[in-house]
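Colleague: Quick one: this structure, given as structure tokens, is what I'll be asking you about.
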Amino acid sequence: ELEGVTVYSGFAVGRADAPYCRPEYRESFLVNSLFVANNIRRWLADGYGQSTPAFLGEIPGLFRDGTLPVDVALLNVSRPNEEGYCSYGVSADLAVSAVECARTVIAQINPAMPFSYGDALIHTSRIAAAVEVDDPLVEVPTAVPTEIERRIGAHIAELIPDGATLQIGVGGIPNAVLAALADHKHLGLHTEAMTDGVLPLIESGVIDNSQKKVLPGKNLASLKRVMPGISVASLALGSRRLYDYMDYRKDLVMKDVAWTNDPFRIRENPKVMAINSAVEVDLTGQVCADSVGTRIISGVGGQHDFMYGGSLSEGGKTFIAIPSTTSKGESKIKALLTPGAGVVTTRHMIQHVVTEYGVAHLRGRNLAERARALIAIAHPSVREELERAAAERFGYSFLRLH
């Protein structure tokens, strides 16, 4: 019955391909992805849908100013509380602005969804239609770090001071970093994605948010203790343990991604440590994180938002953490980016690149010096090839460096 319906898809992780991504529906649903998640990746790769490049923190503004008009918002929400409010639970991110702008809100009421506080709340009176379901949330198993990832994590943890505010992503390397921070003190959490990896640090008191400036803890001098502050995220992705932990916790808030990812809010926190990953990095420090050549596999997400905000933070540091090679043995540090690869973080913003072989400090270094530093942390099997490429490109200014 429907034709030409544009579907905006955000960070929507699914168990399988999205049900609207079928050939018989190609005239009905025109998929416009704002972040290419696994459930629509194949549909876009086959040319049926498209992605819109945008910093994740700026997408709510596209809804709010009408650039991307929203008629209907589809939500997966918790059961209502005593006051009649349902929570979006694990997903404030784009949902907050979509609901704000939508004329019609349709929801499924799902007891599997935790009730989280912050921006991700809607009163039942705002919902035009609802259906009750009992549908388990998608779970992402906690990635157990490999030996290579543990080495990367250890390199980064050594550079993180006590009192730092963390932005950290999903996967083996972030979990390795978090595991290496067990002896740190007074860390804060202001991140885009919350994962299982932070739970041990919160439960042990390593993350107490006491030295953040945005939603900090309070120093109760009369009682000689610190009241923990609030951990901040925009979405959550992990196991059922994480979702159960989130349920009705007032020391964890889920905020509109335009709020969490605002670089000028991020910079208000001291010692922001922004830790992100990449598909590949070239010898000048250009970072590709959303495509393999011309094929879009992800999105810009919040990498740029936090790399910029972290670089502005007093005492802040930013990291691109990658294994030196792909699972197929290809170098992730390249003389030139693969043709068609998109630049997510520019070479003008990069500070540190980390592999299992060490840390390349790039801030304030010229192009030849960057190439020398990156070659030193590349896989040994490609260093000679990269040296030749750098010498040809940068000439004597590279050759004189030892």
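FYI, nothing fancy with the structure tokens labels: chains A, B, ... in order, residues from 1 per chain, ligands from 1 as they appear.
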Which neighbours of Val232 (chain A) fall inside 12 Å, counting only C-alpha atoms, when residues of the same chain fewer than 5 positions from it are skipped, and could you give them as an MDAnalysis selection string?

Modeller: chainID A and resid 92:93 116:119 165:168 188:195 198 207:209 212 214:216 246 249:257 259:261 266

Colleague: For region 306-310 of chain A, work out the shell of residues within 9 Å, counting only C-alpha atoms and skipping chain neighbours fewer than 3 positions away, then give it as a PyMOL selection string.

Modeller: chain A and resi 167+191-192+261-276+302-303+313-319+345+349-351

Colleague: Using DSSP on the backbone coordinates, identify the residues of region 269-328 of chain A assigned to alpha helix (DSSP H); present them as a VMD selection string.

Modeller: chain A and resid 303 to 312

Colleague: Mind checking which residues fall within 9 Å of region 377-392 of chain A, counting only C-alpha atoms, ignoring those fewer than 4 positions away in the same chain, and posting them as a list in words?

Modeller: Leu283, Pro323, Ser324, Thr325, Ser331, Lys332, Ile333, Lys334, Ala335, Val353, Val354, Thr355, Glu356, Tyr357, Gly358, Val359, Ala360, Ala368, Ala371, Arg372, Ala373, Tyr396, Ser397, Phe398 and Leu399 of chain A

Colleague: Hey, which of A:Ala321, A:Cys101, A:Val344, A:Leu187 ends up closest to Asn175 (chain A)? Count only C-alpha atoms.

Modeller: A:Ala321

Colleague: From the set A:Leu337, A:Arg22, A:Ile59, A:Ile122, which residue has the shortest atom-to-atom contact distance to Gly299 (chain A), counting only C-alpha atoms?

Modeller: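 Closest candidate: A:Ile59.
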
Colleague: Please report as JSON lines every residue of region 34-96 of chain A lying within 12 Å of region 138-143 of chain A, along with the nearest atom pair and their distance in Å (one decimal), using only C-alpha atoms.

Modeller:
{"residue": "A:Asn38", "atom": "CA", "partner": "A:Val138", "partner_atom": "CA", "distance": 11.9}
{"residue": "A:Asn39", "atom": "CA", "partner": "A:Val138", "partner_atom": "CA", "distance": 11.5}
{"residue": "A:Asn76", "atom": "CA", "partner": "A:Val138", "partner_atom": "CA", "distance": 12.0}
{"residue": "A:Val90", "atom": "CA", "partner": "A:Val138", "partner_atom": "CA", "distance": 10.6}

Colleague: For Tyr20 (chain A), please output as a list in words all residues within 12 Å (counting only C-alpha atoms; exclusion window: fewer than 2 positions along the same chain).

Modeller: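 Counting only C-alpha atoms, the residues come to Leu2, Val5, Thr6, Val7, Tyr8, Ser9, Ala16, Asp17, Ala18, Arg22, Pro23, Glu24, Tyr25, Arg26, Glu27, Ser28, Phe29, Leu30, Val31, Asn39, Ile40, Trp43, Tyr48 and Gly49 of chain A.
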
Colleague: Let me make sure I understand: among A:Arg240, A:Arg400, A:Ile375, A:Gly285, which one has the smallest atom-to-atom distance to Arg363 (chain A) if we use only C-alpha atoms?

Modeller: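 Under the stated criterion, the closest residue is A:Gly285.
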
Colleague: If you count only C-alpha atoms, which residues fall within 9 Å of Ala130 (chain A), apart from same-chain ones fewer than 4 positions away, as a PyMOL selection string?

Modeller: chain A and resi 105-109

Colleague: Using only C-alpha atoms, can you tell me which of A:Ile156, A:Ser91, A:Pro145, A:Asp247 comes closest to Gly197 (chain A)?

Modeller: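 Nearest candidate to Gly197 (chain A) out of A:Ile156, A:Ser91, A:Pro145, A:Asp247: A:Pro145.
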
Colleague: Set the distance at 7 Å and use only C-alpha atoms: which residues neighbour Arg370 (chain A) once local chain neighbours fewer than 4 positions away are removed? I'd like the list as a list in words.

Modeller: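 The contact residues come out as Leu283, Thr284, Leu362, Arg365, Asn366 and Leu374 of chain A.
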
Colleague: Dump N, CA, C and O atoms for the selected residues as a CSV table (one decimal), in the first residue's frame?

Modeller:
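Contents of part-v7.csv, freshly written:
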chain,number,residue,atom,x,y,z
A,283,LEU,N,50.2,7.9,5.9
A,283,LEU,CA,51.4,8.3,6.5
A,283,LEU,C,51.4,9.8,6.9
A,283,LEU,O,52.3,10.2,7.6
A,284,THR,N,50.4,10.5,6.6
A,284,THR,CA,50.3,11.9,7.0
A,284,THR,C,49.4,12.0,8.2
A,284,THR,O,49.2,13.1,8.8
A,362,LEU,N,51.9,12.4,17.0
A,362,LEU,CA,51.8,13.2,15.8
A,362,LEU,C,51.6,14.7,16.0
A,362,LEU,O,51.8,15.5,15.1
A,365,ARG,N,53.8,17.7,14.7
A,365,ARG,CA,54.9,17.2,13.9
A,365,ARG,C,54.6,17.4,12.4
A,365,ARG,O,53.4,17.4,12.0
A,366,ASN,N,55.7,17.7,11.6
A,366,ASN,CA,55.5,17.9,10.2
A,366,ASN,C,55.2,16.6,9.5
A,366,ASN,O,55.3,15.5,10.1
A,374,LEU,N,54.9,6.9,12.2
A,374,LEU,CA,53.9,5.9,11.9
A,374,LEU,C,54.5,4.6,11.4
A,374,LEU,O,54.1,3.5,11.6

Colleague: Which is closest to Leu56 (chain A) among A:Pro111, A:Gly301, A:Gly171, A:Pro19, if we use only C-alpha atoms?

Modeller: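 Using only C-alpha atoms, the shortest distance to Leu56 (chain A) belongs to A:Gly301.
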
Colleague: If you count only C-alpha atoms, which residues fall within 8 Å of Pro80 (chain A), apart from same-chain ones fewer than 6 positions away, as a VMD selection string?

Modeller: chain A and resid 86 to 87 123 to 124
